[in-house]
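> Contents are PDB, C-alpha atoms; file name start-v1.pdb:
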MODEL        1
ATOM      1  CA  THR A   1      27.289   6.569 -53.072
ATOM      2  CA  PRO A   2      27.423   4.022 -55.907
ATOM      3  CA  GLU A   3      30.406   5.857 -57.409
ATOM      4  CA  GLN A   4      32.286   5.759 -54.108
ATOM      5  CA  ARG A   5      31.580   2.055 -53.746
ATOM      6  CA  LYS A   6      33.200   1.444 -57.126
ATOM      7  CA  GLN A   7      36.447   2.878 -55.737
ATOM      8  CA  VAL A   8      36.527   0.454 -52.797
ATOM      9  CA  VAL A   9      38.813  -2.544 -53.213
ATOM     10  CA  PRO A  10      36.848  -5.578 -51.972
ATOM     11  CA  ARG A  11      38.585  -7.609 -49.284
ATOM     12  CA  VAL A  12      38.271 -10.819 -47.363
ATOM     13  CA  CYS A  13      40.345 -10.564 -44.182
ATOM     14  CA  ILE A  14      41.356 -13.873 -42.610
ATOM     15  CA  ILE A  15      42.759 -14.033 -39.087
ATOM     16  CA  GLY A  16      44.032 -17.323 -37.748
ATOM     17  CA  GLY A  17      45.285 -18.243 -34.319
ATOM     18  CA  LYS A  18      44.723 -19.913 -31.000
ATOM     19  CA  ALA A  19      44.989 -18.987 -27.340
ATOM     20  CA  ALA A  20      46.795 -20.965 -24.660
ATOM     21  CA  PRO A  21      44.458 -22.073 -21.837
ATOM     22  CA  GLY A  22      45.744 -19.434 -19.439
ATOM     23  CA  TYR A  23      46.168 -16.603 -21.942
ATOM     24  CA  ASP A  24      43.096 -14.609 -20.983
ATOM     25  CA  ILE A  25      43.675 -11.500 -23.093
ATOM     26  CA  ALA A  26      44.289 -13.603 -26.207
ATOM     27  CA  LYS A  27      40.896 -15.261 -25.744
ATOM     28  CA  ARG A  28      39.276 -11.840 -25.493
ATOM     29  CA  ILE A  29      41.052 -10.669 -28.663
ATOM     30  CA  ILE A  30      39.738 -13.724 -30.521
ATOM     31  CA  LYS A  31      36.257 -12.902 -29.258
ATOM     32  CA  LEU A  32      36.664  -9.336 -30.533
ATOM     33  CA  VAL A  33      37.651 -10.608 -33.985
ATOM     34  CA  CYS A  34      34.616 -12.900 -34.103
ATOM     35  CA  ALA A  35      32.262 -10.192 -32.824
ATOM     36  CA  VAL A  36      33.451  -7.703 -35.451
ATOM     37  CA  GLY A  37      33.110 -10.412 -38.100
ATOM     38  CA  ASP A  38      29.520 -11.152 -37.061
ATOM     39  CA  LYS A  39      28.653  -7.480 -37.400
ATOM     40  CA  VAL A  40      30.485  -6.742 -40.658
ATOM     41  CA  ASN A  41      29.570  -9.956 -42.461
ATOM     42  CA  ASN A  42      25.854  -9.406 -41.880
ATOM     43  CA  ASP A  43      25.734  -5.704 -42.705
ATOM     44  CA  PRO A  44      23.795  -5.263 -45.976
ATOM     45  CA  ASP A  45      25.408  -1.865 -46.584
ATOM     46  CA  VAL A  46      28.845  -3.480 -46.529
ATOM     47  CA  GLY A  47      27.756  -6.401 -48.702
ATOM     48  CA  ASP A  48      30.647  -8.138 -50.417
ATOM     49  CA  LEU A  49      33.035  -5.211 -50.050
ATOM     50  CA  LEU A  50      34.433  -6.559 -46.780
ATOM     51  CA  LYS A  51      34.355  -9.900 -44.996
ATOM     52  CA  LEU A  52      36.163 -10.951 -41.829
ATOM     53  CA  VAL A  53      36.817 -14.604 -41.030
ATOM     54  CA  PHE A  54      38.533 -16.158 -38.021
ATOM     55  CA  VAL A  55      40.149 -19.557 -38.584
ATOM     56  CA  PRO A  56      40.227 -21.490 -35.285
ATOM     57  CA  ASP A  57      43.144 -23.729 -34.356
ATOM     58  CA  TYR A  58      45.281 -22.354 -37.180
ATOM     59  CA  ASN A  59      48.011 -24.865 -38.027
ATOM     60  CA  VAL A  60      50.232 -26.097 -40.851
ATOM     61  CA  SER A  61      47.383 -27.949 -42.564
ATOM     62  CA  SER A  62      45.193 -24.847 -42.795
ATOM     63  CA  ALA A  63      48.226 -22.760 -43.757
ATOM     64  CA  GLU A  64      48.827 -25.015 -46.762
ATOM     65  CA  THR A  65      45.470 -23.860 -48.114
ATOM     66  CA  LEU A  66      45.408 -20.241 -46.981
ATOM     67  CA  ILE A  67      48.954 -19.080 -47.781
ATOM     68  CA  PRO A  68      48.904 -19.833 -51.537
ATOM     69  CA  ALA A  69      45.494 -18.147 -51.779
ATOM     70  CA  SER A  70      46.543 -14.930 -50.038
ATOM     71  CA  GLU A  71      47.467 -11.737 -51.855
ATOM     72  CA  LEU A  72      48.412  -9.694 -48.782
ATOM     73  CA  SER A  73      49.835 -10.880 -45.472
ATOM     74  CA  GLN A  74      49.836  -8.589 -42.469
ATOM     75  CA  HIS A  75      52.614  -8.844 -39.872
ATOM     76  CA  ILE A  76      51.969  -5.925 -37.571
ATOM     77  CA  SER A  77      53.778  -6.703 -34.315
ATOM     78  CA  THR A  78      55.507  -3.791 -32.610
ATOM     79  CA  ALA A  79      59.049  -3.326 -33.897
ATOM     80  CA  GLY A  80      61.631  -4.902 -31.629
ATOM     81  CA  THR A  81      59.324  -7.500 -30.077
ATOM     82  CA  GLU A  82      60.568 -10.206 -32.471
ATOM     83  CA  ALA A  83      56.972 -11.412 -32.746
ATOM     84  CA  SER A  84      56.933 -11.608 -36.532
ATOM     85  CA  GLY A  85      58.050 -15.158 -37.245
ATOM     86  CA  THR A  86      58.678 -17.194 -40.356
ATOM     87  CA  SER A  87      55.113 -17.331 -41.679
ATOM     88  CA  ASN A  88      55.762 -14.149 -43.642
ATOM     89  CA  MET A  89      58.591 -15.975 -45.439
ATOM     90  CA  LYS A  90      56.080 -18.586 -46.581
ATOM     91  CA  PHE A  91      53.674 -15.879 -47.730
ATOM     92  CA  ALA A  92      56.419 -14.045 -49.639
ATOM     93  CA  MET A  93      57.555 -17.257 -51.350
ATOM     94  CA  ASN A  94      53.990 -17.788 -52.542
ATOM     95  CA  GLY A  95      53.673 -14.312 -54.018
ATOM     96  CA  SER A  96      51.749 -12.640 -51.211
ATOM     97  CA  LEU A  97      52.820  -9.068 -50.522
ATOM     98  CA  ILE A  98      53.749  -8.059 -46.988
ATOM     99  CA  LEU A  99      52.150  -5.264 -45.024
ATOM    100  CA  GLY A 100      54.102  -4.981 -41.812
ATOM    101  CA  THR A 101      56.318  -3.299 -39.296
ATOM    102  CA  LEU A 102      60.088  -3.690 -39.299
ATOM    103  CA  ASP A 103      60.003  -6.496 -36.768
ATOM    104  CA  GLY A 104      61.433  -9.992 -36.732
ATOM    105  CA  ALA A 105      61.760 -11.811 -40.030
ATOM    106  CA  THR A 106      60.157  -8.926 -41.931
ATOM    107  CA  VAL A 107      63.414  -6.991 -41.566
ATOM    108  CA  GLU A 108      65.360  -9.738 -43.346
ATOM    109  CA  ILE A 109      62.705 -10.219 -46.014
ATOM    110  CA  VAL A 110      62.630  -6.529 -46.931
ATOM    111  CA  GLU A 111      66.423  -6.556 -47.213
ATOM    112  CA  GLU A 112      66.122  -9.299 -49.843
ATOM    113  CA  ILE A 113      63.019  -8.319 -51.823
ATOM    114  CA  GLY A 114      63.377  -4.529 -51.530
ATOM    115  CA  ALA A 115      61.263  -2.099 -49.515
ATOM    116  CA  GLU A 116      59.552  -1.022 -52.744
ATOM    117  CA  ASN A 117      57.956  -4.480 -52.938
ATOM    118  CA  ALA A 118      56.378  -4.350 -49.496
ATOM    119  CA  PHE A 119      54.203  -1.993 -47.452
ATOM    120  CA  ILE A 120      56.166  -1.031 -44.351
ATOM    121  CA  PHE A 121      54.795   1.216 -41.618
ATOM    122  CA  GLY A 122      55.064   2.021 -37.937
ATOM    123  CA  ALA A 123      57.620   2.887 -35.299
ATOM    124  CA  LYS A 124      61.197   1.650 -35.730
ATOM    125  CA  THR A 125      62.915  -0.354 -32.995
ATOM    126  CA  PRO A 126      65.181   2.502 -31.751
ATOM    127  CA  GLU A 127      62.119   4.755 -31.402
ATOM    128  CA  VAL A 128      60.051   2.363 -29.288
ATOM    129  CA  PRO A 129      61.478   3.043 -25.781
ATOM    130  CA  GLU A 130      60.991   6.793 -26.093
ATOM    131  CA  LEU A 131      57.496   6.395 -27.540
ATOM    132  CA  ARG A 132      56.556   4.146 -24.617
ATOM    133  CA  ALA A 133      57.815   6.750 -22.173
ATOM    134  CA  GLN A 134      55.777   9.439 -23.946
ATOM    135  CA  ARG A 135      52.641   7.324 -24.348
ATOM    136  CA  PRO A 136      50.811   8.635 -21.215
ATOM    137  CA  ASN A 137      50.822  12.116 -22.755
ATOM    138  CA  TYR A 138      50.198  11.008 -26.345
ATOM    139  CA  GLN A 139      46.947  12.185 -27.916
ATOM    140  CA  PRO A 140      45.686   9.476 -30.292
ATOM    141  CA  ASP A 141      44.106  10.272 -33.628
ATOM    142  CA  GLN A 142      40.345  10.753 -33.427
ATOM    143  CA  ARG A 143      39.793   7.708 -35.648
ATOM    144  CA  PHE A 144      41.541   5.550 -33.066
ATOM    145  CA  THR A 145      39.345   7.029 -30.342
ATOM    146  CA  ASN A 146      36.262   6.356 -32.473
ATOM    147  CA  VAL A 147      37.180   2.660 -32.702
ATOM    148  CA  ILE A 148      37.670   2.455 -28.938
ATOM    149  CA  ASN A 149      34.330   4.156 -28.340
ATOM    150  CA  ALA A 150      32.528   1.892 -30.806
ATOM    151  CA  ILE A 151      33.730  -1.234 -29.001
ATOM    152  CA  ARG A 152      33.170   0.237 -25.555
ATOM    153  CA  GLY A 153      29.714   1.432 -26.542
ATOM    154  CA  GLY A 154      28.592  -2.070 -27.458
ATOM    155  CA  GLN A 155      28.453  -1.721 -31.230
ATOM    156  CA  PHE A 156      29.848  -5.242 -31.543
ATOM    157  CA  GLY A 157      28.322  -6.594 -28.337
ATOM    158  CA  TRP A 158      30.330  -8.161 -25.540
ATOM    159  CA  ASN A 159      31.545  -4.726 -24.405
ATOM    160  CA  ASP A 160      32.042  -5.803 -20.772
ATOM    161  CA  TYR A 161      34.036  -8.863 -21.829
ATOM    162  CA  LEU A 162      36.152  -6.800 -24.236
ATOM    163  CA  GLU A 163      36.879  -3.980 -21.787
ATOM    164  CA  PRO A 164      40.267  -5.415 -20.601
ATOM    165  CA  ILE A 165      41.573  -5.097 -24.167
ATOM    166  CA  LEU A 166      40.559  -1.453 -24.306
ATOM    167  CA  HIS A 167      42.059  -0.842 -20.870
ATOM    168  CA  ASN A 168      45.401  -2.261 -22.018
ATOM    169  CA  ILE A 169      45.672   0.068 -25.007
ATOM    170  CA  THR A 170      44.394   3.221 -23.273
ATOM    171  CA  VAL A 171      44.941   3.806 -19.551
ATOM    172  CA  GLY A 172      46.895   0.550 -19.276
ATOM    173  CA  GLY A 173      49.912   2.098 -20.958
ATOM    174  CA  ASP A 174      49.525   0.705 -24.492
ATOM    175  CA  TYR A 175      52.815  -1.224 -24.252
ATOM    176  CA  TYR A 176      52.611  -2.297 -27.894
ATOM    177  CA  LEU A 177      51.977   1.268 -29.129
ATOM    178  CA  VAL A 178      48.752   0.407 -30.920
ATOM    179  CA  ALA A 179      47.659   4.048 -30.881
ATOM    180  CA  ASN A 180      50.981   5.265 -32.287
ATOM    181  CA  ASP A 181      50.985   2.789 -35.170
ATOM    182  CA  PHE A 182      47.267   3.160 -35.937
ATOM    183  CA  VAL A 183      47.394   6.057 -38.420
ATOM    184  CA  PRO A 184      50.531   4.788 -40.225
ATOM    185  CA  TYR A 185      48.704   1.464 -40.557
ATOM    186  CA  LEU A 186      45.710   3.147 -42.187
ATOM    187  CA  GLU A 187      48.023   5.029 -44.541
ATOM    188  CA  ALA A 188      49.759   1.775 -45.470
ATOM    189  CA  GLN A 189      46.392   0.206 -46.253
ATOM    190  CA  GLU A 190      45.609   3.103 -48.576
ATOM    191  CA  LYS A 191      48.864   2.372 -50.418
ATOM    192  CA  VAL A 192      47.810  -1.273 -50.685
ATOM    193  CA  ASP A 193      44.525  -0.279 -52.316
ATOM    194  CA  GLU A 194      46.314   2.070 -54.701
ATOM    195  CA  ALA A 195      48.775  -0.636 -55.747
ATOM    196  CA  TYR A 196      46.101  -3.307 -56.131
ATOM    197  CA  LYS A 197      44.136  -1.169 -58.579
ATOM    198  CA  ASP A 198      47.213  -1.274 -60.841
ATOM    199  CA  GLN A 199      47.374  -5.012 -61.471
ATOM    200  CA  SER A 200      50.535  -4.739 -63.568
ATOM    201  CA  ARG A 201      52.341  -3.077 -60.669
ATOM    202  CA  TRP A 202      50.886  -5.520 -58.139
ATOM    203  CA  ASN A 203      51.921  -8.545 -60.174
ATOM    204  CA  LYS A 204      55.441  -7.177 -60.573
ATOM    205  CA  MET A 205      55.723  -6.689 -56.815
ATOM    206  CA  SER A 206      54.433 -10.209 -56.267
ATOM    207  CA  ILE A 207      56.962 -11.704 -58.682
ATOM    208  CA  MET A 208      59.813  -9.749 -57.088
ATOM    209  CA  SER A 209      58.671 -10.918 -53.661
ATOM    210  CA  THR A 210      58.835 -14.560 -54.702
ATOM    211  CA  ALA A 211      62.069 -14.122 -56.657
ATOM    212  CA  GLY A 212      63.790 -12.495 -53.697
ATOM    213  CA  SER A 213      62.816 -15.214 -51.232
ATOM    214  CA  GLY A 214      65.485 -17.739 -52.182
ATOM    215  CA  LYS A 215      67.591 -16.934 -49.138
ATOM    216  CA  PHE A 216      64.875 -18.350 -46.904
ATOM    217  CA  SER A 217      64.891 -21.857 -48.396
ATOM    218  CA  THR A 218      65.368 -24.726 -45.949
ATOM    219  CA  ASP A 219      68.462 -25.878 -47.878
ATOM    220  CA  ARG A 220      70.267 -22.601 -47.236
ATOM    221  CA  THR A 221      69.072 -22.416 -43.639
ATOM    222  CA  ILE A 222      70.156 -25.945 -42.738
ATOM    223  CA  SER A 223      73.500 -25.439 -44.482
ATOM    224  CA  ASN A 224      74.165 -22.311 -42.425
ATOM    225  CA  TYR A 225      73.165 -24.011 -39.179
ATOM    226  CA  ALA A 226      75.465 -26.938 -39.974
ATOM    227  CA  LYS A 227      78.391 -24.643 -40.732
ATOM    228  CA  ASP A 228      77.994 -21.872 -38.146
ATOM    229  CA  ILE A 229      76.174 -23.512 -35.221
ATOM    230  CA  TRP A 230      76.676 -27.255 -35.286
ATOM    231  CA  LYS A 231      80.160 -27.142 -36.880
ATOM    232  CA  VAL A 232      79.504 -30.246 -38.979
ATOM    233  CA  GLU A 233      80.314 -31.024 -42.588
ATOM    234  CA  PRO A 234      78.117 -32.685 -45.206
ATOM    235  CA  CYS A 235      78.403 -36.450 -45.352
ATOM    236  CA  LYS A 236      78.217 -37.774 -48.885
ATOM    237  CA  VAL A 237      76.076 -40.852 -49.311
ATOM    238  CA  PRO A 238      78.248 -43.649 -50.785
ATOM    239  CA  MET A 239      77.155 -44.780 -54.205
ATOM    240  CA  PRO A 240      76.482 -48.494 -54.741
ATOM    241  CA  VAL A 241      79.448 -50.306 -56.260
ATOM    242  CA  ASP A 242      77.504 -51.436 -59.300
ATOM    243  CA  ALA A 243      75.978 -48.012 -59.973
TER     244      ALA A 243
ENDMDL
END
Could you write out this file's structure as structure tokens?

Amino acid sequence: TPEQRKQVVPRVCIIGGKAAPGYDIAKRIIKLVCAVGDKVNNDPDVGDLLKLVFVPDYNVSSAETLIPASELSQHISTAGTEASGTSNMKFAMNGSLILGTLDGATVEIVEEIGAENAFIFGAKTPEVPELRAQRPNYQPDQRFTNVINAIRGGQFGWNDYLEPILHNITVGGDYYLVANDFVPYLEAQEKVDEAYKDQSRWNKMSIMSTAGSGKFSTDRTISNYAKDIWKVEPCKVPMPVDA
């Protein structure tokens, strides 16, 4: 209804990446992103409430444009895989709020900026081995099953090409616990919408995110490497005699 549409927070979701020549499943995931984007972006009922864009060959140059423009960065790798790298540090420094699992650099960032200034969800690292062992008997939420069925049923086209992805996260064992983290992810997104509607709260979180990011400066990082890893001391540049 028109009233319900007024409650929806409009979004533009940007996914960037690239696949190595031999990384077959990554290529299929990129195709899935593009296929969903083609469907969503041309749906008149969706209109401007949601757009999905894939940025090919994502690199530092494109990041220089996208990161300062982003209000939310999603780092959703399974906890313990150490797959969440330093990009989230760059997002946090530029005022973008983090939605993510407690994996990789996100753990350190949350320690500095405070969990109240991020949207954390999903399984914790100590829980992952047991959840993997239980996954064959786990009954996913119906919404997760609906997504699988929509892709498998050809709603976005390319269903035969995309089938290996679905196999991996269903009968293939779901190593990355996509089904387990699915509902907590949706709940985290609801918290994002709630916070964004309160711009005063959102701006405060953004400021605290940037203010708490000082630890991740290159100066501090290089200094620590020099002291703890390389065991070298700073060399002062001699001043000119006539200075």
> To one decimal place, how far is atom CA of A:Phe54 from atom CA of A:Arg5 in Å?
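Computing it gives 25.0 Å between the two atoms.
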> Once the PyMOL selection byres ((chain A and resi 112) around 12) has been applied to the shown file, what residues remain in the selection, as a list of chain:residue names?
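With the shown file as input, the PyMOL selection byres ((chain A and resi 112) around 12) matches A:Met89, A:Ala92, A:Met93, A:Ala105, A:Thr106, A:Val107, A:Glu108, A:Ile109, A:Val110, A:Glu111, A:Ile113, A:Gly114, A:Ala115, A:Glu116, A:Asn117, A:Ala118, A:Met208, A:Ser209, A:Thr210, A:Ala211, A:Gly212, A:Ser213, A:Gly214, A:Lys215, A:Phe216.
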> Expanded to explicit residues, what is the PyMOL selection byres ((chain A and resi 124) around 8) for this file, as a PyMOL selection string?
chain A and resi 79-80+101-102+122-123+125-128
> Take the residues from that selection and put them in a file with C-alpha atoms, as a tab-separated table (two decimals), in the coordinates of the input.

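Output contents, as saved in out.tsv:
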chain	number	residue	atom	x	y	z
A	79	ALA	CA	59.05	-3.33	-33.90
A	80	GLY	CA	61.63	-4.90	-31.63
A	101	THR	CA	56.32	-3.30	-39.30
A	102	LEU	CA	60.09	-3.69	-39.30
A	122	GLY	CA	55.06	2.02	-37.94
A	123	ALA	CA	57.62	2.89	-35.30
A	125	THR	CA	62.92	-0.35	-32.99
A	126	PRO	CA	65.18	2.50	-31.75
A	127	GLU	CA	62.12	4.76	-31.40
A	128	VAL	CA	60.05	2.36	-29.29
> Find the distance between atom CA of A:Tyr138 and atom CA of A:Leu32 and write it in Å to one decimal.
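Spanning atom CA of A:Tyr138 to atom CA of A:Leu32 is a straight-line distance of 24.8 Å.
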> So which one's closest to A:Pro56, A:Ile14, A:Ile25, A:Ala69, A:Leu97? Using only C-alpha atoms, please.
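Nearest candidate to A:Pro56 out of A:Ile14, A:Ile25, A:Ala69, A:Leu97: A:Ile14.
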> For this file, the PyMOL selection byres ((chain A and resi 31) around 12) selects which residues, as a PyMOL selection string?
chain A and resi 15+17-19+24-30+32-38+53-54+56+151+156-163+165
> Could you name the residues that touch stretch 139-150 of chain A at 7 Å or less, counting only C-alpha atoms, but leaving out those on the same chain fewer than 3 positions away, as JSON, numbers by chain?
{"A": [153, 154, 155, 166, 179, 182]}
> With N, CA and C atoms as the goal, would you fill in the gaps in stretch 138-150 of chain A and present it as a short mmCIF file (atom, residue, chain, number, x, y, z; two decimals), in the coordinates of the input?

data_model
loop_
_atom_site.label_atom_id
_atom_site.label_comp_id
_atom_site.auth_asym_id
_atom_site.auth_seq_id
_atom_site.Cartn_x
_atom_site.Cartn_y
_atom_site.Cartn_z
N TYR A 138 50.47 11.04 -24.90
CA TYR A 138 50.20 11.01 -26.34
C TYR A 138 48.70 11.14 -26.61
N GLN A 139 48.35 11.99 -27.55
CA GLN A 139 46.95 12.18 -27.92
C GLN A 139 46.66 11.41 -29.20
N PRO A 140 45.94 10.29 -29.10
CA PRO A 140 45.69 9.48 -30.29
C PRO A 140 44.83 10.20 -31.32
N ASP A 141 44.95 9.77 -32.55
CA ASP A 141 44.11 10.27 -33.63
C ASP A 141 42.64 10.00 -33.30
N GLN A 142 41.77 10.88 -33.75
CA GLN A 142 40.34 10.75 -33.43
C GLN A 142 39.76 9.45 -33.97
N ARG A 143 40.29 8.96 -35.09
CA ARG A 143 39.79 7.71 -35.65
C ARG A 143 40.08 6.53 -34.72
N PHE A 144 41.22 6.58 -34.05
CA PHE A 144 41.54 5.55 -33.07
C PHE A 144 40.56 5.63 -31.90
N THR A 145 40.30 6.83 -31.44
CA THR A 145 39.34 7.03 -30.34
C THR A 145 37.95 6.56 -30.74
N ASN A 146 37.58 6.79 -32.00
CA ASN A 146 36.26 6.36 -32.47
C ASN A 146 36.13 4.83 -32.42
N VAL A 147 37.21 4.13 -32.76
CA VAL A 147 37.18 2.66 -32.70
C VAL A 147 37.01 2.20 -31.26
N ILE A 148 37.78 2.80 -30.36
CA ILE A 148 37.67 2.46 -28.94
C ILE A 148 36.24 2.68 -28.45
N ASN A 149 35.68 3.82 -28.80
CA ASN A 149 34.33 4.16 -28.34
C ASN A 149 33.28 3.23 -28.93
N ALA A 150 33.49 2.81 -30.18
CA ALA A 150 32.53 1.89 -30.81
C ALA A 150 32.50 0.55 -30.08
#
